[in-house]
Structure formats: structure tokens, C-alpha cells
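Shown next: target.cif, containing mmCIF, C-alpha atoms.
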data_work
loop_
_atom_site.label_atom_id
_atom_site.label_comp_id
_atom_site.auth_asym_id
_atom_site.auth_seq_id
_atom_site.Cartn_x
_atom_site.Cartn_y
_atom_site.Cartn_z
CA MET A 1 74.41 62.97 63.20
CA PRO A 2 78.05 64.04 62.67
CA VAL A 3 79.19 67.60 62.46
CA TRP A 4 82.56 68.71 61.22
CA LEU A 5 85.72 70.15 62.71
CA ASN A 6 87.07 72.02 59.70
CA ASP A 7 90.14 73.59 61.27
CA LEU A 8 92.06 73.85 64.51
CA GLY A 9 93.96 76.66 66.17
CA ILE A 10 96.16 75.29 68.93
CA VAL A 11 98.73 76.67 71.36
CA SER A 12 100.22 74.97 74.42
CA ALA A 13 103.55 73.97 75.92
CA LEU A 14 103.92 71.85 72.78
CA GLY A 15 104.13 75.03 70.70
CA VAL A 16 102.02 77.36 68.60
CA GLY A 17 100.23 75.87 65.61
CA HIS A 18 99.99 72.48 63.96
CA GLN A 19 103.62 71.99 62.98
CA GLN A 20 105.19 72.94 66.30
CA THR A 21 102.69 70.70 68.09
CA ILE A 22 103.46 67.80 65.75
CA ASP A 23 107.21 68.31 66.08
CA SER A 24 107.00 68.31 69.88
CA ILE A 25 104.95 65.12 69.91
CA ASN A 26 107.34 63.45 67.49
CA SER A 27 110.24 64.44 69.77
CA GLN A 28 108.44 63.67 73.00
CA HIS A 29 111.59 62.43 74.72
CA ILE A 30 112.49 66.15 74.99
CA ASN A 31 110.83 67.75 78.02
CA THR A 32 108.29 70.37 76.94
CA LEU A 33 107.45 71.41 80.51
CA THR A 34 109.14 74.27 82.37
CA ALA A 35 110.49 74.33 85.93
CA THR A 36 109.58 77.53 87.80
CA ASP A 37 109.44 78.85 91.36
CA GLU A 38 107.20 81.80 90.46
CA LEU A 39 103.78 80.21 90.98
CA ALA A 40 103.81 77.97 94.03
CA PHE A 41 103.77 79.65 97.45
CA GLY A 42 107.01 79.62 99.40
CA GLY A 43 109.11 79.61 96.24
CA ARG A 44 108.61 75.90 95.70
CA GLN A 45 109.78 74.75 92.27
CA THR A 46 107.15 73.09 90.14
CA TYR A 47 106.95 71.93 86.55
CA VAL A 48 104.29 73.64 84.44
CA GLY A 49 103.10 73.43 80.86
CA MET A 50 103.96 77.04 80.04
CA VAL A 51 103.69 78.47 76.53
CA LYS A 52 107.32 79.32 75.85
CA THR A 53 106.54 82.54 73.98
CA LEU A 54 104.73 83.91 77.06
CA PRO A 55 106.93 84.58 80.11
CA LEU A 56 105.03 84.63 83.39
CA SER A 57 105.53 88.39 83.50
CA ALA A 58 103.46 88.83 80.32
CA ILE A 59 100.23 90.80 80.60
CA LEU A 60 96.96 89.98 78.81
CA ARG A 61 98.02 86.33 78.83
CA THR A 62 94.62 84.86 77.97
CA HIS A 63 94.09 87.32 75.14
CA THR A 64 97.46 86.38 73.64
CA LEU A 65 96.64 82.66 73.77
CA ILE A 66 93.33 83.37 72.04
CA ASP A 67 94.96 85.61 69.41
CA ASP A 68 97.52 82.91 68.59
CA ALA A 69 94.77 80.32 68.12
CA LEU A 70 92.46 82.64 66.17
CA ALA A 71 95.19 83.59 63.71
CA GLN A 72 95.40 79.93 62.68
CA ILE A 73 91.69 79.49 61.89
CA LYS A 74 90.85 82.87 60.37
CA PRO A 75 91.70 81.79 56.79
CA THR A 76 89.19 78.94 57.04
CA LEU A 77 86.53 81.29 58.44
CA GLU A 78 87.13 83.71 55.58
CA GLN A 79 86.82 80.87 53.10
CA LEU A 80 83.51 79.74 54.61
CA ASN A 81 82.17 83.32 54.40
CA ILE A 82 79.43 82.96 57.02
CA ALA A 83 77.19 85.87 58.03
CA ALA A 84 78.13 87.33 61.42
CA GLN A 85 74.79 86.49 63.03
CA ARG A 86 75.23 82.82 62.07
CA ILE A 87 78.61 82.44 63.83
CA ALA A 88 78.36 81.24 67.42
CA VAL A 89 81.08 80.98 70.07
CA VAL A 90 81.16 78.35 72.85
CA ILE A 91 84.27 78.23 75.03
CA GLY A 92 85.32 76.12 77.99
CA THR A 93 87.44 77.76 80.68
CA SER A 94 88.13 77.53 84.39
CA THR A 95 90.52 80.42 85.05
CA ALA A 96 89.72 83.05 82.39
CA SER A 97 92.19 85.86 83.26
CA ILE A 98 92.77 85.17 86.95
CA HIS A 99 96.51 85.63 86.28
CA GLU A 100 95.81 89.26 85.42
CA GLY A 101 93.97 89.76 88.69
CA GLU A 102 96.80 88.23 90.69
CA ARG A 103 99.34 90.52 89.07
CA ALA A 104 97.04 93.53 89.39
CA ARG A 105 96.67 93.06 93.15
CA ILE A 106 100.46 92.96 93.55
CA HIS A 107 100.74 96.14 91.47
CA LEU A 108 98.03 97.83 93.53
CA LYS A 109 99.81 96.98 96.77
CA GLN A 110 103.16 98.24 95.48
CA ALA A 111 102.10 101.29 93.44
CA GLY A 112 98.83 102.27 95.09
CA HIS A 113 96.82 102.03 91.88
CA TRP A 114 95.63 99.42 89.43
CA PRO A 115 97.94 98.74 86.47
CA PRO A 116 97.14 100.17 83.02
CA LYS A 117 95.05 97.90 80.76
CA TYR A 118 93.72 95.97 83.77
CA ASN A 119 90.02 95.20 83.38
CA TYR A 120 88.27 93.34 86.16
CA ASN A 121 85.70 91.99 83.69
CA ASP A 122 88.40 89.96 81.95
CA GLN A 123 88.29 87.60 84.95
CA THR A 124 84.64 86.67 84.36
CA LEU A 125 84.21 83.19 82.92
CA VAL A 126 82.33 84.47 79.87
CA ALA A 127 85.12 86.93 79.00
CA PRO A 128 87.09 84.57 76.68
CA ALA A 129 83.97 83.84 74.61
CA HIS A 130 83.10 87.54 74.40
CA TYR A 131 86.66 88.41 73.38
CA ILE A 132 86.61 85.84 70.55
CA ALA A 133 83.22 87.06 69.32
CA LYS A 134 84.49 90.64 69.33
CA GLN A 135 87.64 89.72 67.39
CA LEU A 136 85.56 87.92 64.76
CA ASN A 137 82.62 90.34 64.76
CA ALA A 138 80.45 87.29 65.44
CA THR A 139 76.95 88.08 66.70
CA GLY A 140 75.46 84.60 67.11
CA PRO A 141 75.00 82.81 70.46
CA CYS A 142 78.05 83.38 72.66
CA TYR A 143 78.79 81.81 76.04
CA SER A 144 81.32 79.96 78.17
CA ILE A 145 81.06 76.63 79.95
CA SER A 146 82.95 76.10 83.19
CA THR A 147 82.84 72.57 84.59
CA ALA A 148 86.51 72.43 85.59
CA CYS A 149 88.54 69.93 83.56
CA SER A 150 85.66 68.81 81.33
CA SER A 151 84.76 72.37 80.27
CA SER A 152 86.00 72.43 76.69
CA SER A 153 84.82 68.90 75.87
CA LYS A 154 81.35 69.97 77.00
CA ALA A 155 81.76 73.11 74.88
CA MET A 156 82.21 70.92 71.80
CA ILE A 157 79.08 68.93 72.60
CA SER A 158 77.15 72.17 73.21
CA ALA A 159 78.44 73.60 69.92
CA ARG A 160 77.07 70.60 68.04
CA ALA A 161 73.68 71.16 69.70
CA LEU A 162 73.61 74.74 68.40
CA LEU A 163 74.28 73.53 64.85
CA LEU A 164 71.67 70.76 64.97
CA ALA A 165 69.12 73.22 66.35
CA ASP A 166 69.90 75.50 63.39
CA LEU A 167 70.92 78.35 65.70
CA ALA A 168 74.23 78.77 63.85
CA ASP A 169 76.00 77.71 60.68
CA VAL A 170 79.48 77.78 62.26
CA VAL A 171 80.53 77.53 65.89
CA ILE A 172 83.95 78.48 67.18
CA CYS A 173 84.33 76.03 70.03
CA GLY A 174 87.10 74.84 72.30
CA GLY A 175 88.83 76.02 75.41
CA ILE A 176 91.29 78.46 76.95
CA ASP A 177 93.04 78.53 80.31
CA SER A 178 96.18 80.34 81.44
CA LEU A 179 98.62 79.66 84.24
CA CYS A 180 97.96 81.32 87.58
CA GLN A 181 98.85 80.91 91.23
CA LEU A 182 95.28 80.01 92.15
CA THR A 183 95.25 76.67 90.32
CA VAL A 184 98.84 75.65 91.10
CA ASN A 185 98.40 76.26 94.83
CA GLY A 186 94.84 74.95 94.86
CA PHE A 187 95.94 71.59 93.49
CA ASP A 188 98.98 71.68 95.76
CA SER A 189 96.64 72.01 98.76
CA LEU A 190 95.06 68.74 97.59
CA SER A 191 98.55 67.13 97.53
CA SER A 192 98.11 66.63 93.79
CA ILE A 193 101.10 68.53 92.36
CA SER A 194 104.13 66.51 91.26
CA ASP A 195 107.63 67.81 92.01
CA ALA A 196 108.81 66.25 88.74
CA VAL A 197 107.38 65.82 85.24
CA CYS A 198 104.18 63.82 85.68
CA GLN A 199 104.07 60.12 84.79
CA PRO A 200 100.52 59.04 83.95
CA PHE A 201 99.68 55.41 84.77
CA SER A 202 103.18 54.84 86.14
CA LEU A 203 104.05 53.01 89.34
CA ASN A 204 106.05 56.15 90.21
CA ARG A 205 103.31 58.68 89.50
CA SER A 206 102.97 61.40 92.12
CA GLY A 207 100.54 63.94 90.71
CA ILE A 208 99.93 66.49 88.00
CA ASN A 209 101.69 69.41 86.33
CA ILE A 210 99.44 72.42 85.66
CA GLY A 211 99.53 73.77 82.11
CA GLU A 212 97.96 76.41 79.92
CA GLY A 213 96.85 76.77 76.35
CA ALA A 214 94.05 77.23 73.86
CA ALA A 215 92.43 75.09 71.21
CA LEU A 216 89.74 76.48 68.91
CA PHE A 217 87.83 74.45 66.33
CA VAL A 218 85.74 75.66 63.40
CA MET A 219 82.68 73.40 63.67
CA SER A 220 79.98 73.27 60.99
CA LYS A 221 77.23 70.99 59.66
CA LYS A 222 79.06 70.30 56.42
CA PRO A 223 82.73 69.46 55.82
CA ASN A 224 84.90 72.09 54.25
CA GLN A 225 87.44 70.86 51.73
CA GLY A 226 90.80 70.01 53.24
CA ASN A 227 91.11 69.44 56.96
CA ALA A 228 87.64 68.26 57.99
CA VAL A 229 87.36 65.66 60.76
CA ALA A 230 83.97 64.41 61.93
CA PHE A 231 82.82 65.06 65.48
CA LEU A 232 80.94 61.80 65.79
CA GLY A 233 79.73 61.67 69.34
CA GLY A 234 79.92 62.83 72.91
CA GLY A 235 78.97 61.16 76.16
CA GLU A 236 78.42 62.83 79.53
CA SER A 237 77.79 61.60 83.04
CA SER A 238 77.73 63.04 86.54
CA ASP A 239 78.55 60.55 89.27
CA ALA A 240 78.74 63.25 91.99
CA HIS A 241 80.88 60.93 94.11
CA HIS A 242 82.98 63.67 95.72
CA ILE A 243 83.75 67.36 95.26
CA SER A 244 87.29 66.65 94.02
CA ALA A 245 87.82 62.87 93.85
CA PRO A 246 86.44 60.58 91.12
CA ALA A 247 84.29 57.55 91.85
CA PRO A 248 86.96 54.93 92.60
CA ASP A 249 85.23 52.20 90.64
CA GLY A 250 85.28 54.32 87.46
CA SER A 251 81.51 54.00 87.00
CA GLY A 252 81.06 57.63 85.93
CA ALA A 253 83.91 57.43 83.42
CA GLU A 254 82.50 54.18 82.06
CA GLN A 255 79.07 55.73 81.57
CA ALA A 256 80.56 58.66 79.63
CA MET A 257 82.57 56.41 77.30
CA CYS A 258 79.63 54.10 76.65
CA ALA A 259 77.34 57.06 75.96
CA ALA A 260 79.88 58.47 73.47
CA LEU A 261 80.06 55.14 71.62
CA ILE A 262 76.26 54.95 71.44
CA ASP A 263 76.05 58.56 70.24
CA ALA A 264 78.64 57.87 67.55
CA ASN A 265 76.96 54.56 66.58
CA LEU A 266 80.27 52.74 67.06
CA THR A 267 81.35 49.64 68.91
CA ALA A 268 84.30 49.67 71.29
CA ASP A 269 86.49 47.68 68.90
CA ALA A 270 86.16 50.43 66.25
CA ILE A 271 88.21 52.91 68.34
CA ASP A 272 91.86 53.01 67.24
CA TYR A 273 93.25 55.20 70.03
CA ILE A 274 92.16 56.57 73.42
CA ASN A 275 93.61 59.81 74.71
CA ALA A 276 93.06 59.21 78.41
CA HIS A 277 92.39 61.93 80.95
CA GLY A 278 95.51 60.47 82.57
CA THR A 279 96.38 63.10 85.17
CA ALA A 280 99.03 60.95 86.95
CA THR A 281 97.24 61.22 90.28
CA GLN A 282 96.76 57.98 92.18
CA GLN A 283 92.96 58.13 92.12
CA ASN A 284 92.34 59.24 88.54
CA ASP A 285 94.63 56.74 86.84
CA ALA A 286 93.34 53.87 88.98
CA MET A 287 89.66 54.50 88.26
CA GLU A 288 90.20 55.40 84.59
CA SER A 289 92.12 52.21 83.86
CA LEU A 290 89.34 50.16 85.45
CA ALA A 291 86.72 51.95 83.35
CA ILE A 292 88.68 51.63 80.09
CA ASN A 293 89.23 47.93 80.74
CA ARG A 294 85.52 47.31 81.25
CA VAL A 295 84.60 49.11 78.01
CA PHE A 296 87.54 48.30 75.74
CA GLY A 297 89.33 45.41 77.40
CA ASN A 298 93.06 45.31 76.78
CA ASN A 299 92.76 45.86 73.05
CA THR A 300 92.73 49.61 72.32
CA PRO A 301 95.95 51.67 72.54
CA VAL A 302 95.80 54.18 75.40
CA SER A 303 98.02 57.06 76.47
CA SER A 304 97.89 60.46 78.13
CA SER A 305 99.42 63.59 76.64
CA LYS A 306 99.59 65.49 79.94
CA GLN A 307 103.27 64.73 80.47
CA LEU A 308 103.84 66.80 77.30
CA SER A 309 101.35 69.67 77.78
CA GLY A 310 100.65 69.68 81.49
CA HIS A 311 97.06 69.57 82.69
CA THR A 312 95.48 72.57 80.97
CA LEU A 313 92.29 72.32 83.05
CA GLY A 314 89.39 74.02 81.24
CA ALA A 315 91.29 73.83 77.95
CA ALA A 316 92.38 70.19 78.37
CA GLY A 317 89.44 68.58 76.58
CA ALA A 318 89.86 70.73 73.47
CA ILE A 319 93.68 70.52 73.38
CA GLU A 320 93.58 66.75 73.70
CA ALA A 321 90.80 66.49 71.11
CA GLY A 322 93.11 68.70 69.03
CA ILE A 323 95.90 66.12 69.36
CA CYS A 324 93.42 63.49 68.15
CA TRP A 325 92.39 65.81 65.29
CA LEU A 326 96.03 66.18 64.25
CA SER A 327 96.54 62.42 64.56
CA LEU A 328 93.66 61.86 62.15
CA ILE A 329 94.26 64.64 59.66
CA LYS A 330 98.07 64.54 59.64
CA ASN A 331 98.74 60.81 59.60
CA ASP A 332 101.65 61.35 57.22
CA CYS A 333 103.28 63.88 59.60
CA LEU A 334 102.47 62.68 63.10
CA THR A 335 104.67 59.63 63.50
CA THR A 336 104.22 58.96 67.20
CA LEU A 337 101.17 59.46 69.35
CA PRO A 338 101.90 60.49 72.94
CA PHE A 339 103.20 57.48 74.84
CA ASN A 340 103.89 56.99 78.50
CA ASN A 341 107.32 56.49 80.01
CA GLY A 342 108.08 54.70 83.25
CA ASP A 343 106.98 51.42 84.74
CA LYS A 344 103.26 50.77 84.51
CA ASP A 345 101.60 50.41 87.88
CA PRO A 346 100.74 46.68 88.13
CA ALA A 347 97.83 47.57 90.42
CA LEU A 348 96.02 49.29 87.56
CA GLY A 349 93.43 47.60 85.39
CA GLU A 350 94.69 45.86 82.26
CA ILE A 351 94.78 48.38 79.43
CA ALA A 352 96.87 48.57 76.25
CA LEU A 353 99.08 51.38 77.55
CA LEU A 354 101.49 52.80 75.00
CA THR A 355 105.05 52.62 76.26
CA SER A 356 106.75 52.96 72.87
CA PRO A 357 106.03 54.89 69.67
CA PHE A 358 102.77 53.88 68.04
CA ILE A 359 102.61 54.26 64.27
CA LYS A 360 99.29 53.40 62.68
CA PRO A 361 96.79 55.15 60.40
CA LEU A 362 93.81 56.09 62.53
CA LYS A 363 90.12 56.28 61.74
CA TYR A 364 88.47 56.81 65.14
CA CYS A 365 89.82 58.40 68.34
CA LEU A 366 88.19 58.80 71.74
CA SER A 367 89.29 61.46 74.22
CA ASN A 368 88.38 61.50 77.92
CA SER A 369 87.96 64.50 80.23
CA PHE A 370 87.00 64.02 83.87
CA ALA A 371 86.36 66.88 86.29
CA PHE A 372 85.69 67.76 89.90
CA GLY A 373 82.28 66.76 91.14
CA GLY A 374 82.26 63.64 88.99
CA ASN A 375 81.60 65.59 85.79
CA ASN A 376 82.71 63.18 83.05
CA VAL A 377 82.90 63.66 79.28
CA SER A 378 84.12 61.50 76.40
CA VAL A 379 84.20 62.66 72.77
CA ILE A 380 84.83 60.72 69.56
CA LEU A 381 86.45 62.14 66.42
CA GLY A 382 86.85 60.27 63.18
CA LEU A 383 87.26 60.07 59.45
CA ILE A 384 84.13 59.04 57.53
CA ASP A 385 83.11 58.72 53.88
CA GLU A 386 81.42 62.14 53.64
CA GLN A 387 84.89 63.68 53.66
CA LEU A 388 85.87 61.98 50.42
#

Show me, as C-alpha cells, the structure contained in the file I just sent.
Amino acid sequence: MPVWLNDLGIVSALGVGHQQTIDSINSQHINTLTATDELAFGGRQTYVGMVKTLPLSAILRTHTLIDDALAQIKPTLEQLNIAAQRIAVVIGTSTASIHEGERARIHLKQAGHWPPKYNYNDQTLVAPAHYIAKQLNATGPCYSISTACSSSSKAMISARALLLADLADVVICGGIDSLCQLTVNGFDSLSSISDAVCQPFSLNRSGINIGEGAALFVMSKKPNQGNAVAFLGGGESSDAHHISAPAPDGSGAEQAMCAALIDANLTADAIDYINAHGTATQQNDAMESLAINRVFGNNTPVSSSKQLSGHTLGAAGAIEAGICWLSLIKNDCLTTLPFNNGDKDPALGEIALLTSPFIKPLKYCLSNSFAFGGNNVSVILGLIDEQL
């Protein structure tokens, strides 16, 4: 049974809001990532998907990302006029406000006391969900999901479950993560950070760029007039191959995509576009291309948007579903889906990788999110007759 994504608040390296995000995608030959030596140990320069309105010195970073996203969806919430106890909040995150803790420890060492406005509880994984509920005065179910890079995709599936169980009439769902030293240096210790802008599925790929952002959807059982897109299905699997590496044969990814198609009651040939997880690491792109080929053959256009946004970790699933949402709802504005530059790695499985602008009205999009521990999620968004 479909539920509906009635609005989207989005902020990332692509910009704040629908129009800035669309403009950045349409001008994707312009680098949206930022070079900095402030995050990696030893002053190493890395490229990150930093929100340009938030310098790394900014405090309350996660709260600002949330505020920017909430401001975009509040008019729709006011129009829906739902009782507070019937509004739920489900958020995916992996860092919460770790950045604040990192800065606070530096301040404590230098000044001998914690900085003003620092609150240790902001670093708890449930803190972003609680903050959103407080800002909206929502008193329905409220929790966070933290399964690394699949967190916010799982949050969307969990939000639908709340609606179908009649535990809420509206769920604010999505994900938030902010830049911090922990994730940049953690991935660097795995030799996964690229020194340049990442190149998913390229022969020259050398790793990821860490990003930040927020994407919040207004999900409900019935479509609201205007911007409603159907959340048609979600598929999950857990291959548990390795703590940080995916199953090399792509079996877990394949299971998630097949489960999403079954849940959405669609065949593979119905999907018009796949937003791949596409991290630009050797292992992810190799296994994902194999899995996509087995499910979709070489027929469905595929690309990754991470060279534009960076890998936003716990927020990635929602931000990339947000790009699909914009591609569906703004077909007259979004002229080019994210496409991948560079020479395709001939060792990868045969997939219809976009290497030039793709202009086509879309009906169904699938978005992949794969996480540490073999935690795999695929979600399907689409336009269906109930919206007419």
C-alpha cells in the first residue's frame, strides 16, 4: 500500500531548498564540494560536501541544518492541520552533533571550561528527532534510527509502518548528519577517502568525499494537493558479510532491490532511473554494478549523486530519495539527473551508467543505500493515478 511524500525540506552541498538543489544539479559541471584542511588529521586537504552557509566554525551545526529543512515543510504541515499527538518523527542519523563535542573538547582544553550553549545530550543519536518534535510541538512516536549509511532510508520505511499501523496521521521522516572529524578520519583510516572529487563507477575512482545535510519528508496516508509523490516500496537485507566491506558478489544489494520491487508491485523494467549508492570506493561500485546488472540488466539508467553532495552518511538515503522526489515532481525544472564523469571501469558489471545529461519524464525511481555490516536498503518513489 503506498503512502505519500507530500513535501520535502532539503539542505546539502547542493544548496538550501528545492531551487538551489535543482540549479546545482542542472549545473553539475561546477564543483559543489569544498576543499578543506580543517577536518583530516595532520592538516591533510580533503574535499567535503559542506553546506556553504555553514562554515566549519559554526556552532549548533545540526540544529541549523534541521531548521533550514523544517522551514521548507512547515507551510505544508500547517495546511494539513494535524493534531500534535498524531504527528510522529522518525530520523536517520549517524553523527548527531559529534561536531559540537569535538569543538567543545578543544574549548575545554584551551579555556578550562565547556563552551556556552554546549549540551552533551545533543550528541545522543535520538537528539535530532527530539529537536524536530520540540520545534513542531509534535507528541506522537519519536525516535532515531542509526544503521550507518542506510539510516534515513530505513527511517522512511519505519515511518510508513507507523502510518499503516494507524499510530500517526503524519510522519516527519528523513535524515540529518553534519561534518565532523570523527567520520572523515574514520573513513581515512579505512583508506576510503579520496584526495580529489570522487568519481563513482570510474576507472579512476579512489574513494569517497564525506558530506553533510538534511532531508525531511512530510509522509501521510493520503496525498496532499500539489507536490505529492508516492512512497511505493522498500526492501531491506542484512548480508553481514563484514563489519565495513560489502559482500563482493552484491547478493545483499540484490536482495534489497528485489524486495523493494516486490513491495512496490513493480517489475524491474518499470523503473526509469536508479540513484545508486555509488560511493566511488573500489568494493562498493564493483558489487553494486554486479547486483544492478542481475536485477535490471543494462537497460535502466544509473548514476550516483555523491560527486555532487558528498557521502552524507546517515542522511544519504533521504537526500538521495529527495533528489528522486525532485526529479519526479519537478520534471519541467530538473533538466539533468546526476551523471557520472570519467571513464567507466571496464571491470564493472554492465549497467546503463549515465555519462551525459539524461532528459526524460520519470514515473518510477529506485534509490539504493548500503551500510556497514551489510545493512542494505532500496526504496522506490513514483507517480501514480491517485495523485491526479

One decimal, in Å: what's the spacing between atom CA of Gly17 of chain A and atom CA of Gln45 of chain A?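 Result for atom CA of Gly17 of chain A versus atom CA of Gln45 of chain A: 28.3 Å, one decimal.
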
Expected selection from the PyMOL selection byres ((chain A and resi 268) around 12), given as a PyMOL selection string: chain A and resi 254+257-262+264-267+269-274+292-301+364-366+380

So which residues fall inside 8 Å of (85.4, 64.9, 87.2) if we count all atoms listed in the file? Mind giving them as a count of residues only? 15

Option closest in space to Ile98 of chain A, from A:Gln79, A:Ser178, A:Ser289, A:Ser12 [counting all atoms listed in the file]: A:Ser178

Counting all atoms listed in the file, select every polymer residue within 6 Å of (82.8, 75.3, 81.1) as defined in the file's coordinates, and provide the selection as a VMD selection string. chain A and resid 92 to 93 144 to 147 151

Using the chain letters and numbers from the file, which residues does the PyMOL selection byres ((chain A and resi 132) around 9) grab, as a PDB file with C-alpha atoms, in the coordinates of the input?
ATOM      1  CA  HIS A  63      94.090  87.320  75.140  1.00  0.00           C
ATOM      2  CA  ILE A  66      93.330  83.370  72.040  1.00  0.00           C
ATOM      3  CA  ASP A  67      94.960  85.610  69.410  1.00  0.00           C
ATOM      4  CA  LEU A  70      92.460  82.640  66.170  1.00  0.00           C
ATOM      5  CA  VAL A  89      81.080  80.980  70.070  1.00  0.00           C
ATOM      6  CA  ALA A 127      85.120  86.930  79.000  1.00  0.00           C
ATOM      7  CA  PRO A 128      87.090  84.570  76.680  1.00  0.00           C
ATOM      8  CA  ALA A 129      83.970  83.840  74.610  1.00  0.00           C
ATOM      9  CA  HIS A 130      83.100  87.540  74.400  1.00  0.00           C
ATOM     10  CA  TYR A 131      86.660  88.410  73.380  1.00  0.00           C
ATOM     11  CA  ALA A 133      83.220  87.060  69.320  1.00  0.00           C
ATOM     12  CA  LYS A 134      84.490  90.640  69.330  1.00  0.00           C
ATOM     13  CA  GLN A 135      87.640  89.720  67.390  1.00  0.00           C
ATOM     14  CA  LEU A 136      85.560  87.920  64.760  1.00  0.00           C
ATOM     15  CA  ASN A 137      82.620  90.340  64.760  1.00  0.00           C
ATOM     16  CA  ALA A 138      80.450  87.290  65.440  1.00  0.00           C
ATOM     17  CA  ILE A 172      83.950  78.480  67.180  1.00  0.00           C
TER      18      ILE A 172
END

Please write as a PyMOL selection string the full residue list that the PyMOL selection byres ((chain A and resi 26) around 12) yields on this file. chain A and resi 14+19-25+27-32+308+323+327+331-339+356-359

From the set A:Gln85, A:Thr36, A:Thr62, A:Gln282, which residue has the shortest atom-to-atom contact distance to Cys198 of chain A, counting all atoms listed in the file?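 Between A:Gln85, A:Thr36, A:Thr62, A:Gln282, the residue approaching Cys198 of chain A most closely is A:Gln282.
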
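Distances from A:Ser191, A:Ser220, A:Gln255, A:Thr139 to Cys173 of chain A were compared using all atoms listed in the file, and the smallest one belongs to A:Ser220.
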
What is the distance between atom CA of Gly349 of chain A and atom CA of Gly278 of chain A, in Å to one decimal? 13.3 Å

Which value, in Å to one decimal, gives the distance between atom CA of Gln72 of chain A and atom CA of Met1 of chain A?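 Taking atom CA of Gln72 of chain A as the start and atom CA of Met1 of chain A as the end point, the length is 27.0 Å.
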
Expected axis-aligned box over every listed atom of segment 113-130 of chain A, 6 Å added per side, centre plus edges in Å to one decimal, as AutoDock Vina command-line options:
--center_x 90.1 --center_y 92.6 --center_z 83.1 --size_x 27.6 --size_y 30.8 --size_z 29.5

Using all atoms listed in the file, which residue out of A:Gly235, A:Pro200, A:Pro346, A:Gly317 lies closest to Ala280 of chain A? A:Pro200

Would you mind telling me which residue in A:Leu290, A:Ala196, A:Ile329, A:Met219 lies nearest to Arg44 of chain A when using only C-alpha atoms?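 Of the candidates, the smallest distance to Arg44 of chain A is held by A:Ala196.
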
For segment 251-257 of chain A, supply all heavy atoms and report the output as an mmCIF file, in the coordinates of the input.
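Saved as out-v9.cif:
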data_model
loop_
_atom_site.group_PDB
_atom_site.id
_atom_site.type_symbol
_atom_site.label_atom_id
_atom_site.label_comp_id
_atom_site.auth_asym_id
_atom_site.auth_seq_id
_atom_site.Cartn_x
_atom_site.Cartn_y
_atom_site.Cartn_z
ATOM 1 N N SER A 251 82.855 54.152 87.583
ATOM 2 C CA SER A 251 81.510 54.000 87.000
ATOM 3 C C SER A 251 81.099 55.215 86.189
ATOM 4 O O SER A 251 80.494 55.085 85.115
ATOM 5 C CB SER A 251 80.487 53.723 88.101
ATOM 6 O OG SER A 251 80.535 54.734 89.105
ATOM 7 N N GLY A 252 81.422 56.425 86.684
ATOM 8 C CA GLY A 252 81.060 57.630 85.930
ATOM 9 C C GLY A 252 81.820 57.728 84.621
ATOM 10 O O GLY A 252 81.248 58.083 83.571
ATOM 11 N N ALA A 253 83.100 57.417 84.645
ATOM 12 C CA ALA A 253 83.910 57.430 83.420
ATOM 13 C C ALA A 253 83.392 56.398 82.423
ATOM 14 O O ALA A 253 83.294 56.663 81.216
ATOM 15 C CB ALA A 253 85.362 57.161 83.766
ATOM 16 N N GLU A 254 83.041 55.233 82.922
ATOM 17 C CA GLU A 254 82.500 54.180 82.060
ATOM 18 C C GLU A 254 81.215 54.629 81.387
ATOM 19 O O GLU A 254 81.015 54.419 80.172
ATOM 20 C CB GLU A 254 82.257 52.915 82.884
ATOM 21 C CG GLU A 254 81.686 51.761 82.087
ATOM 22 C CD GLU A 254 81.423 50.536 82.942
ATOM 23 O OE1 GLU A 254 81.636 50.609 84.176
ATOM 24 O OE2 GLU A 254 80.983 49.509 82.384
ATOM 25 N N GLN A 255 80.332 55.254 82.144
ATOM 26 C CA GLN A 255 79.070 55.730 81.570
ATOM 27 C C GLN A 255 79.314 56.737 80.449
ATOM 28 O O GLN A 255 78.641 56.700 79.417
ATOM 29 C CB GLN A 255 78.214 56.361 82.665
ATOM 30 C CG GLN A 255 77.656 55.378 83.673
ATOM 31 C CD GLN A 255 77.015 56.057 84.866
ATOM 32 O OE1 GLN A 255 76.760 57.263 84.839
ATOM 33 N NE2 GLN A 255 76.768 55.303 85.922
ATOM 34 N N ALA A 256 80.277 57.648 80.654
ATOM 35 C CA ALA A 256 80.560 58.660 79.630
ATOM 36 C C ALA A 256 81.092 58.015 78.353
ATOM 37 O O ALA A 256 80.679 58.373 77.239
ATOM 38 C CB ALA A 256 81.547 59.685 80.173
ATOM 39 N N MET A 257 82.014 57.066 78.490
ATOM 40 C CA MET A 257 82.570 56.410 77.300
ATOM 41 C C MET A 257 81.513 55.595 76.564
ATOM 42 O O MET A 257 81.438 55.632 75.321
ATOM 43 C CB MET A 257 83.755 55.520 77.706
ATOM 44 C CG MET A 257 84.989 56.304 78.103
ATOM 45 S SD MET A 257 86.444 55.270 78.421
ATOM 46 C CE MET A 257 86.043 54.621 80.050
#
